[in-house]
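Enquirer: File name my_file.cif; file contents mmCIF, C-alpha atoms; full text below.
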data_upload
loop_
_atom_site.group_PDB
_atom_site.id
_atom_site.type_symbol
_atom_site.label_atom_id
_atom_site.label_comp_id
_atom_site.auth_asym_id
_atom_site.auth_seq_id
_atom_site.Cartn_x
_atom_site.Cartn_y
_atom_site.Cartn_z
ATOM 1 C CA ASN A 391 -7.906 30.366 12.293
ATOM 2 C CA ALA A 392 -4.497 31.865 11.507
ATOM 3 C CA CYS A 393 -5.503 32.460 7.887
ATOM 4 C CA VAL A 394 -8.723 34.162 8.992
ATOM 5 C CA TYR A 395 -6.953 36.484 11.408
ATOM 6 C CA MET A 396 -4.222 37.288 8.880
ATOM 7 C CA PHE A 397 -6.769 38.097 6.183
ATOM 8 C CA PHE A 398 -8.673 40.374 8.564
ATOM 9 C CA ILE A 399 -5.490 42.149 9.712
ATOM 10 C CA THR A 400 -4.264 42.768 6.161
ATOM 11 C CA GLU A 401 -7.698 44.126 5.220
ATOM 12 C CA ALA A 402 -7.615 46.528 8.163
ATOM 13 C CA MET A 403 -4.047 47.590 7.344
ATOM 14 C CA ASP A 404 -5.007 48.346 3.752
ATOM 15 C CA LEU A 405 -7.921 50.451 4.992
ATOM 16 C CA ILE A 406 -5.631 52.453 7.274
ATOM 17 C CA ILE A 407 -2.911 52.949 4.664
ATOM 18 C CA ASN A 408 -5.260 53.914 1.814
ATOM 19 C CA TRP A 409 -7.942 55.729 3.790
ATOM 20 C CA ARG A 410 -7.750 58.761 1.493
ATOM 21 C CA ASP A 411 -8.793 56.674 -1.514
ATOM 22 C CA VAL A 412 -12.589 56.905 -1.340
ATOM 23 C CA ASP A 413 -13.249 54.109 -3.843
ATOM 24 C CA ASN A 414 -10.808 51.749 -2.150
ATOM 25 C CA THR A 415 -12.106 52.618 1.322
ATOM 26 C CA THR A 416 -15.737 52.083 0.326
ATOM 27 C CA PHE A 417 -14.979 48.733 -1.282
ATOM 28 C CA ASN A 418 -12.848 47.668 1.675
ATOM 29 C CA LEU A 419 -15.470 48.613 4.255
ATOM 30 C CA CYS A 420 -18.181 46.611 2.478
ATOM 31 C CA TYR A 421 -16.218 43.436 3.144
ATOM 32 C CA LEU A 422 -14.485 44.472 6.352
ATOM 33 C CA ILE A 423 -17.725 45.180 8.222
ATOM 34 C CA ALA A 424 -19.107 41.783 7.230
ATOM 35 C CA HIS A 425 -15.841 40.131 8.224
ATOM 36 C CA VAL A 426 -15.845 41.881 11.617
ATOM 37 C CA ALA A 427 -19.356 40.572 12.263
ATOM 38 C CA GLY A 428 -18.267 37.099 11.191
ATOM 39 C CA LEU A 429 -15.182 37.235 13.377
ATOM 40 C CA PHE A 430 -17.358 38.253 16.320
ATOM 41 C CA LYS A 431 -19.637 35.251 15.760
ATOM 42 C CA ILE A 432 -16.644 32.942 15.516
ATOM 43 C CA ALA A 433 -15.194 34.354 18.754
ATOM 44 C CA VAL A 434 -18.494 33.968 20.631
ATOM 45 C CA MET A 435 -18.962 30.381 19.470
ATOM 46 C CA LYS A 436 -15.342 29.601 20.292
ATOM 47 C CA ARG A 437 -15.812 30.961 23.788
ATOM 48 C CA GLN A 438 -19.038 29.015 24.327
ATOM 49 C CA GLN A 439 -17.944 25.817 22.600
ATOM 50 C CA ALA A 440 -18.115 23.697 25.768
ATOM 51 C CA GLN A 441 -21.716 24.711 26.472
ATOM 52 C CA ILE A 442 -22.665 24.257 22.826
ATOM 53 C CA ARG A 443 -21.100 20.797 22.736
ATOM 54 C CA ASN A 444 -22.937 19.757 25.904
ATOM 55 C CA PHE A 445 -26.225 21.031 24.536
ATOM 56 C CA TYR A 446 -25.914 19.073 21.304
ATOM 57 C CA GLN A 447 -24.873 15.957 23.197
ATOM 58 C CA THR A 448 -28.034 16.350 25.272
ATOM 59 C CA LEU A 449 -30.126 16.413 22.092
ATOM 60 C CA GLU A 450 -28.695 13.001 21.222
ATOM 61 C CA THR A 451 -29.655 11.298 24.490
ATOM 62 C CA GLY A 452 -32.659 10.545 26.664
ATOM 63 C CA TYR A 453 -36.068 11.990 25.935
ATOM 64 C CA PHE A 454 -34.806 14.010 22.981
ATOM 65 C CA LEU A 455 -34.191 10.895 20.912
ATOM 66 C CA PRO A 456 -37.031 9.681 18.678
ATOM 67 C CA ASP A 457 -39.135 7.050 20.448
ATOM 68 C CA TYR A 458 -41.382 4.714 18.472
ATOM 69 C CA GLU A 459 -43.570 3.884 21.477
ATOM 70 C CA ARG A 460 -44.075 7.555 22.246
ATOM 71 C CA GLY A 461 -44.775 8.985 18.809
ATOM 72 C CA GLY A 462 -44.435 6.229 16.258
ATOM 73 C CA MET A 463 -42.571 6.676 12.990
ATOM 74 C CA GLU A 464 -43.575 10.336 12.902
ATOM 75 C CA GLU A 465 -40.777 11.195 15.330
ATOM 76 C CA PHE A 466 -38.183 9.532 13.110
ATOM 77 C CA ARG A 467 -39.579 11.392 10.118
ATOM 78 C CA ILE A 468 -39.344 14.721 11.968
ATOM 79 C CA ILE A 469 -35.722 14.122 12.980
ATOM 80 C CA SER A 470 -34.759 12.960 9.482
ATOM 81 C CA GLU A 471 -36.326 16.052 7.960
ATOM 82 C CA ALA A 472 -34.504 18.292 10.459
ATOM 83 C CA ILE A 473 -31.168 16.704 9.546
ATOM 84 C CA TRP A 474 -31.930 17.083 5.841
ATOM 85 C CA ARG A 475 -32.825 20.753 6.259
ATOM 86 C CA SER A 476 -29.670 21.433 8.276
ATOM 87 C CA ASN A 477 -27.496 19.814 5.614
ATOM 88 C CA LEU A 478 -29.305 21.706 2.860
ATOM 89 C CA GLN A 479 -28.703 25.023 4.600
ATOM 90 C CA THR A 480 -25.023 24.214 5.070
ATOM 91 C CA TYR A 481 -24.509 23.226 1.431
ATOM 92 C CA THR A 482 -26.419 26.323 0.316
ATOM 93 C CA PHE A 483 -24.169 28.605 2.377
ATOM 94 C CA TYR A 484 -21.036 26.890 1.069
ATOM 95 C CA THR A 485 -22.229 27.115 -2.527
ATOM 96 C CA LEU A 486 -23.080 30.806 -2.260
ATOM 97 C CA VAL A 487 -19.713 31.632 -0.689
ATOM 98 C CA THR A 488 -17.814 29.692 -3.348
ATOM 99 C CA VAL A 489 -19.762 31.311 -6.190
ATOM 100 C CA ILE A 490 -19.306 34.839 -4.797
ATOM 101 C CA VAL A 491 -15.553 34.421 -4.316
ATOM 102 C CA ALA A 492 -15.198 32.758 -7.722
ATOM 103 C CA ILE A 493 -17.045 35.594 -9.467
ATOM 104 C CA ARG A 494 -14.810 38.157 -7.794
ATOM 105 C CA GLY A 495 -11.721 36.192 -8.792
ATOM 106 C CA ILE A 496 -12.852 35.829 -12.416
ATOM 107 C CA TYR A 497 -13.662 39.528 -12.639
ATOM 108 C CA ALA A 498 -10.255 40.550 -11.279
ATOM 109 C CA GLY A 499 -8.427 37.956 -13.358
ATOM 110 C CA PHE A 500 -9.858 39.179 -16.654
ATOM 111 C CA ASP A 501 -9.699 42.879 -15.810
ATOM 112 C CA LYS A 502 -7.136 44.858 -17.815
ATOM 113 C CA GLY A 503 -6.114 46.982 -14.856
ATOM 114 C CA TYR A 504 -5.873 50.748 -14.652
ATOM 115 C CA TYR A 505 -3.293 53.493 -15.104
ATOM 116 C CA ILE A 506 -2.163 56.240 -12.760
ATOM 117 C CA ALA A 507 -0.390 59.206 -14.324
ATOM 118 C CA ASN A 508 3.201 59.705 -13.265
ATOM 119 C CA GLY A 509 4.533 61.904 -16.049
ATOM 120 C CA ASN A 510 6.356 59.102 -17.888
ATOM 121 C CA ALA A 511 5.189 57.580 -21.139
ATOM 122 C CA SER A 512 4.553 53.854 -20.886
ATOM 123 C CA GLU A 513 5.290 51.318 -23.622
ATOM 124 C CA ASN A 514 1.802 51.583 -25.079
ATOM 125 C CA GLY A 515 1.932 55.360 -25.171
ATOM 126 C CA THR A 516 -0.178 55.864 -22.074
ATOM 127 C CA MET A 517 1.073 58.371 -19.556
ATOM 128 C CA GLY A 518 1.225 56.527 -16.263
ATOM 129 C CA GLN A 519 1.895 53.249 -14.536
ATOM 130 C CA ARG A 520 -0.362 50.257 -15.015
ATOM 131 C CA TYR A 521 -1.800 48.643 -11.909
ATOM 132 C CA GLN A 522 -3.314 45.181 -11.994
ATOM 133 C CA LEU A 523 -6.600 44.677 -10.206
ATOM 134 C CA LEU A 524 -6.751 42.235 -7.300
ATOM 135 C CA PRO A 525 -9.947 40.498 -6.143
ATOM 136 C CA TYR A 526 -9.954 42.165 -2.727
ATOM 137 C CA THR A 527 -8.208 44.958 -0.857
ATOM 138 C CA THR A 528 -5.520 43.625 1.455
ATOM 139 C CA TRP A 529 -2.110 44.969 2.310
ATOM 140 C CA VAL A 530 0.844 42.883 1.150
ATOM 141 C CA PRO A 531 4.537 43.651 1.774
ATOM 142 C CA PHE A 532 5.550 43.640 -1.901
ATOM 143 C CA ASP A 533 4.700 45.193 -5.256
ATOM 144 C CA THR A 534 1.813 43.263 -6.795
ATOM 145 C CA ASN A 535 2.273 44.749 -10.270
ATOM 146 C CA THR A 536 5.028 42.322 -11.185
ATOM 147 C CA SER A 537 4.965 38.572 -11.625
ATOM 148 C CA PRO A 538 4.948 36.308 -9.631
ATOM 149 C CA TYR A 539 4.009 38.682 -6.799
ATOM 150 C CA TYR A 540 0.678 39.498 -8.408
ATOM 151 C CA GLU A 541 -0.196 35.807 -8.668
ATOM 152 C CA ILE A 542 0.869 35.221 -5.047
ATOM 153 C CA ALA A 543 -1.303 38.085 -3.796
ATOM 154 C CA PHE A 544 -4.163 36.930 -6.021
ATOM 155 C CA ALA A 545 -4.028 33.378 -4.645
ATOM 156 C CA TYR A 546 -3.712 34.644 -1.063
ATOM 157 C CA GLN A 547 -6.793 36.819 -1.384
ATOM 158 C CA ILE A 548 -8.922 34.137 -3.040
ATOM 159 C CA VAL A 549 -7.935 31.430 -0.558
ATOM 160 C CA GLY A 550 -8.250 33.787 2.412
ATOM 161 C CA ALA A 551 -11.659 35.085 1.345
ATOM 162 C CA LEU A 552 -12.890 31.554 0.637
ATOM 163 C CA ILE A 553 -11.787 30.199 4.020
ATOM 164 C CA TYR A 554 -13.178 33.249 5.788
ATOM 165 C CA GLY A 555 -16.481 32.947 3.945
ATOM 166 C CA LEU A 556 -16.779 29.227 4.622
ATOM 167 C CA LEU A 557 -16.170 29.775 8.336
ATOM 168 C CA ILE A 558 -18.801 32.498 8.482
ATOM 169 C CA GLY A 559 -21.149 30.263 6.491
ATOM 170 C CA THR A 560 -20.495 27.441 8.937
ATOM 171 C CA CYS A 561 -21.422 29.686 11.864
ATOM 172 C CA ASP A 562 -24.607 30.821 10.128
ATOM 173 C CA SER A 563 -25.614 27.292 9.166
ATOM 174 C CA PHE A 564 -24.819 26.138 12.707
ATOM 175 C CA ILE A 565 -27.196 28.725 14.152
ATOM 176 C CA ALA A 566 -29.831 27.870 11.546
ATOM 177 C CA GLY A 567 -29.406 24.162 12.278
ATOM 178 C CA PHE A 568 -29.819 24.889 15.975
ATOM 179 C CA MET A 569 -33.183 26.525 15.276
ATOM 180 C CA VAL A 570 -34.218 23.649 13.003
ATOM 181 C CA HIS A 571 -33.563 21.084 15.733
ATOM 182 C CA ILE A 572 -35.453 23.149 18.307
ATOM 183 C CA LYS A 573 -38.391 23.180 15.901
ATOM 184 C CA ALA A 574 -38.056 19.409 15.507
ATOM 185 C CA GLN A 575 -38.250 18.899 19.273
ATOM 186 C CA LEU A 576 -41.346 21.098 19.465
ATOM 187 C CA LEU A 577 -42.957 19.095 16.662
ATOM 188 C CA ILE A 578 -42.144 15.873 18.513
ATOM 189 C CA LEU A 579 -43.734 17.305 21.659
ATOM 190 C CA LYS A 580 -46.795 18.369 19.679
ATOM 191 C CA ASN A 581 -47.112 14.925 18.113
ATOM 192 C CA SER A 582 -46.654 13.265 21.508
ATOM 193 C CA LEU A 583 -49.370 15.364 23.156
ATOM 194 C CA ARG A 584 -51.713 14.779 20.235
ATOM 195 C CA SER A 585 -51.466 11.016 20.599
ATOM 196 C CA TYR A 586 -51.253 10.970 24.398
ATOM 197 C CA ILE A 587 -54.873 9.936 25.007
ATOM 198 C CA ASP A 588 -54.784 7.249 22.333
ATOM 199 C CA ARG A 589 -51.582 5.808 23.765
ATOM 200 C CA ALA A 590 -53.037 5.862 27.282
ATOM 201 C CA LYS A 591 -56.119 3.953 26.114
ATOM 202 C CA LEU A 592 -53.988 1.429 24.248
ATOM 203 C CA ARG A 593 -51.788 0.767 27.269
ATOM 204 C CA ALA A 594 -54.860 0.452 29.480
ATOM 205 C CA GLN A 595 -56.352 -2.104 27.095
ATOM 206 C CA VAL A 596 -53.127 -4.090 27.079
ATOM 207 C CA SER A 597 -53.068 -4.030 30.884
ATOM 208 C CA GLY A 598 -56.740 -5.009 31.119
ATOM 209 C CA TYR A 599 -57.848 -1.826 32.900
ATOM 210 C CA TYR A 600 -59.775 -0.400 29.971
ATOM 211 C CA ARG A 601 -62.467 -2.089 27.891
#
Could I get this file's structure written as structure tokens?
Expert:
Amino acid sequence: NACVYMFFITEAMDLIINWRDVDNTTFNLCYLIAHVAGLFKIAVMKRQQAQIRNFYQTLETGYFLPDYERGGMEEFRIISEAIWRSNLQTYTFYTLVTVIVAIRGIYAGFDKGYYIANGNASENGTMGQRYQLLPYTTWVPFDTNTSPYYEIAFAYQIVGALIYGLLIGTCDSFIAGFMVHIKAQLLILKNSLRSYIDRAKLRAQVSGYYR
């Protein structure tokens, strides 16, 4: 959590400091808005974690468990499919986050940087100072144009963005998994109602009340 909050704060600080730079502000806001929404989801789930935990524990007890006598093997198949779908969604979110962050890191790592004119001739004859591109826009308390500070800032941004993205992906997959399990319970109920008459007849035959 500390890394997530720090990454968000440094993003916001960079936006405030460089608000006159339209390109930087636009790029920053694209990520910052998404990160604010993700942070809000994390905060809500953190606040409601006791209720969420109790709800999921309820799904693992009593009538919510698959029952062979009630619905046969179909209930076990429904639950197994729900678990598989939840895992697939989680792995998909994680993969997408990792790929997106990796692409941004590769792009910044191979970029040649840019120059800002300052009236002094540089070593390659270009008027200006060369600035190396970082993957994201975050404020750091040192000059990132020299080594190893550039590498430190680069690693901080990649790790911070990856952790942030994985947490947001976890929240999204958690919500999606919640909906998948609700669907599974409705399918179990549907299957149970469909076979209710047949099960009643079978039990009556076993008891000798129905011939």
Enquirer: Compare A:Tyr497, A:Phe398, A:Phe532, A:Phe454 by their minimum atom-to-atom distance to Ile553 (chain A), counting all atoms listed in the file, and give me the closest one.
Expert: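 That would be A:Phe398, the residue with the smallest distance to Ile553 (chain A).
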Enquirer: Residues picked by the PyMOL selection byres ((chain A and resi 473) around 12) here, as a PDB file with C-alpha atoms, in the frame of the given file?
Expert:
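Output file part_37.pdb follows:
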ATOM      1  CA  PHE A 466     -38.183   9.532  13.110  1.00  0.00           C
ATOM      2  CA  ARG A 467     -39.579  11.392  10.118  1.00  0.00           C
ATOM      3  CA  ILE A 468     -39.344  14.721  11.968  1.00  0.00           C
ATOM      4  CA  ILE A 469     -35.722  14.122  12.980  1.00  0.00           C
ATOM      5  CA  SER A 470     -34.759  12.960   9.482  1.00  0.00           C
ATOM      6  CA  GLU A 471     -36.326  16.052   7.960  1.00  0.00           C
ATOM      7  CA  ALA A 472     -34.504  18.292  10.459  1.00  0.00           C
ATOM      8  CA  TRP A 474     -31.930  17.083   5.841  1.00  0.00           C
ATOM      9  CA  ARG A 475     -32.825  20.753   6.259  1.00  0.00           C
ATOM     10  CA  SER A 476     -29.670  21.433   8.276  1.00  0.00           C
ATOM     11  CA  ASN A 477     -27.496  19.814   5.614  1.00  0.00           C
ATOM     12  CA  LEU A 478     -29.305  21.706   2.860  1.00  0.00           C
ATOM     13  CA  GLN A 479     -28.703  25.023   4.600  1.00  0.00           C
ATOM     14  CA  THR A 480     -25.023  24.214   5.070  1.00  0.00           C
ATOM     15  CA  SER A 563     -25.614  27.292   9.166  1.00  0.00           C
ATOM     16  CA  PHE A 564     -24.819  26.138  12.707  1.00  0.00           C
ATOM     17  CA  ALA A 566     -29.831  27.870  11.546  1.00  0.00           C
ATOM     18  CA  GLY A 567     -29.406  24.162  12.278  1.00  0.00           C
ATOM     19  CA  PHE A 568     -29.819  24.889  15.975  1.00  0.00           C
ATOM     20  CA  MET A 569     -33.183  26.525  15.276  1.00  0.00           C
ATOM     21  CA  VAL A 570     -34.218  23.649  13.003  1.00  0.00           C
ATOM     22  CA  HIS A 571     -33.563  21.084  15.733  1.00  0.00           C
ATOM     23  CA  ILE A 572     -35.453  23.149  18.307  1.00  0.00           C
ATOM     24  CA  LYS A 573     -38.391  23.180  15.901  1.00  0.00           C
ATOM     25  CA  ALA A 574     -38.056  19.409  15.507  1.00  0.00           C
TER      26      ALA A 574
END
Enquirer: Do you know which residues the PyMOL selection byres ((chain A and resi 530) around 10) returns on this file, as a list in words?
Expert: Thr400, Glu401, Met403, Asp404, Thr527, Thr528, Trp529, Pro531, Phe532, Asp533, Thr534, Tyr539, Ile542, Ala543 and Tyr546 of chain A
Enquirer: Counting only C-alpha atoms, write as a list in words all protein and nucleic acid residues lying at most 12 Å from (-45.1, 8.6, 19.5) in the file's frame.
Expert: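 Here the neighbourhood of the point contains Tyr453, Leu455, Pro456, Asp457, Tyr458, Glu459, Arg460, Gly461, Gly462, Met463, Glu464, Glu465, Phe466, Arg467, Ile468, Leu577, Ile578, Leu579, Lys580, Asn581, Ser582, Leu583, Arg584, Ser585, Tyr586, Ile587, Asp588, Arg589 and Ala590 of chain A.
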Enquirer: Between A:Gly550, A:Gly555, A:Pro525, A:Gln447, which residue has the minimum interatomic distance to Phe417 (chain A), considering all atoms listed in the file?
Expert: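 With all atoms listed in the file as the atom set, the closest residue is A:Pro525.
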Enquirer: Taking into account only C-alpha atoms, which residue in the set A:Leu592, A:Thr488, A:Tyr526, A:Gln575 is nearest to Glu450 (chain A)?
Expert: A:Gln575
Enquirer: Measuring atom to atom with all atoms listed in the file, identify which of A:Ala392, A:Ala424, A:Val412, A:Thr560 is nearest to Leu486 (chain A).
Expert: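 Of A:Ala392, A:Ala424, A:Val412, A:Thr560, the one nearest Leu486 (chain A), counting all atoms listed in the file, is A:Thr560.
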Enquirer: Please indicate the distance in Å from CA of Ala498 (chain A) to CA of Ala545 (chain A), rounded to one decimal place.
Expert: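 Interatomic distance here is 11.6 Å.
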Enquirer: Can I get region 461-475 of chain A with N, CA, C and O atoms filled in, as a PDB file, in the frame of the given file?
Expert:
ATOM      1  N   GLY A 461     -44.181   8.236  19.919  1.00  0.00           N
ATOM      2  CA  GLY A 461     -44.775   8.985  18.809  1.00  0.00           C
ATOM      3  C   GLY A 461     -44.797   8.260  17.492  1.00  0.00           C
ATOM      4  O   GLY A 461     -45.136   8.865  16.470  1.00  0.00           O
ATOM      5  N   GLY A 462     -44.412   6.992  17.496  1.00  0.00           N
ATOM      6  CA  GLY A 462     -44.435   6.229  16.258  1.00  0.00           C
ATOM      7  C   GLY A 462     -43.348   6.673  15.289  1.00  0.00           C
ATOM      8  O   GLY A 462     -42.371   7.335  15.652  1.00  0.00           O
ATOM      9  N   MET A 463     -43.544   6.338  14.023  1.00  0.00           N
ATOM     10  CA  MET A 463     -42.571   6.676  12.990  1.00  0.00           C
ATOM     11  C   MET A 463     -42.527   8.170  12.691  1.00  0.00           C
ATOM     12  O   MET A 463     -41.590   8.651  12.057  1.00  0.00           O
ATOM     13  N   GLU A 464     -43.535   8.895  13.151  1.00  0.00           N
ATOM     14  CA  GLU A 464     -43.575  10.336  12.902  1.00  0.00           C
ATOM     15  C   GLU A 464     -42.368  11.037  13.525  1.00  0.00           C
ATOM     16  O   GLU A 464     -41.823  11.984  12.944  1.00  0.00           O
ATOM     17  N   GLU A 465     -41.939  10.577  14.686  1.00  0.00           N
ATOM     18  CA  GLU A 465     -40.777  11.195  15.330  1.00  0.00           C
ATOM     19  C   GLU A 465     -39.511  10.982  14.507  1.00  0.00           C
ATOM     20  O   GLU A 465     -38.688  11.892  14.375  1.00  0.00           O
ATOM     21  N   PHE A 466     -39.352   9.806  13.947  1.00  0.00           N
ATOM     22  CA  PHE A 466     -38.183   9.532  13.110  1.00  0.00           C
ATOM     23  C   PHE A 466     -38.232  10.376  11.833  1.00  0.00           C
ATOM     24  O   PHE A 466     -37.198  10.845  11.352  1.00  0.00           O
ATOM     25  N   ARG A 467     -39.438  10.561  11.312  1.00  0.00           N
ATOM     26  CA  ARG A 467     -39.579  11.392  10.118  1.00  0.00           C
ATOM     27  C   ARG A 467     -39.213  12.846  10.421  1.00  0.00           C
ATOM     28  O   ARG A 467     -38.538  13.511   9.627  1.00  0.00           O
ATOM     29  N   ILE A 468     -39.636  13.339  11.581  1.00  0.00           N
ATOM     30  CA  ILE A 468     -39.344  14.721  11.968  1.00  0.00           C
ATOM     31  C   ILE A 468     -37.837  14.935  12.121  1.00  0.00           C
ATOM     32  O   ILE A 468     -37.278  15.927  11.633  1.00  0.00           O
ATOM     33  N   ILE A 469     -37.171  14.002  12.785  1.00  0.00           N
ATOM     34  CA  ILE A 469     -35.722  14.122  12.980  1.00  0.00           C
ATOM     35  C   ILE A 469     -34.983  14.029  11.649  1.00  0.00           C
ATOM     36  O   ILE A 469     -34.044  14.795  11.378  1.00  0.00           O
ATOM     37  N   SER A 470     -35.405  13.108  10.794  1.00  0.00           N
ATOM     38  CA  SER A 470     -34.759  12.960   9.482  1.00  0.00           C
ATOM     39  C   SER A 470     -34.916  14.223   8.647  1.00  0.00           C
ATOM     40  O   SER A 470     -33.976  14.663   7.973  1.00  0.00           O
ATOM     41  N   GLU A 471     -36.096  14.818   8.710  1.00  0.00           N
ATOM     42  CA  GLU A 471     -36.326  16.052   7.960  1.00  0.00           C
ATOM     43  C   GLU A 471     -35.486  17.198   8.516  1.00  0.00           C
ATOM     44  O   GLU A 471     -34.962  18.025   7.757  1.00  0.00           O
ATOM     45  N   ALA A 472     -35.329  17.246   9.841  1.00  0.00           N
ATOM     46  CA  ALA A 472     -34.504  18.292  10.459  1.00  0.00           C
ATOM     47  C   ALA A 472     -33.047  18.157  10.023  1.00  0.00           C
ATOM     48  O   ALA A 472     -32.380  19.156   9.715  1.00  0.00           O
ATOM     49  N   ILE A 473     -32.548  16.930   9.988  1.00  0.00           N
ATOM     50  CA  ILE A 473     -31.168  16.704   9.546  1.00  0.00           C
ATOM     51  C   ILE A 473     -31.005  17.099   8.085  1.00  0.00           C
ATOM     52  O   ILE A 473     -30.013  17.736   7.700  1.00  0.00           O
ATOM     53  N   TRP A 474     -31.991  16.743   7.266  1.00  0.00           N
ATOM     54  CA  TRP A 474     -31.930  17.083   5.841  1.00  0.00           C
ATOM     55  C   TRP A 474     -31.927  18.596   5.642  1.00  0.00           C
ATOM     56  O   TRP A 474     -31.156  19.124   4.829  1.00  0.00           O
ATOM     57  N   ARG A 475     -32.770  19.299   6.384  1.00  0.00           N
ATOM     58  CA  ARG A 475     -32.825  20.753   6.259  1.00  0.00           C
ATOM     59  C   ARG A 475     -31.521  21.408   6.720  1.00  0.00           C
ATOM     60  O   ARG A 475     -31.048  22.373   6.110  1.00  0.00           O
TER      61      ARG A 475
END
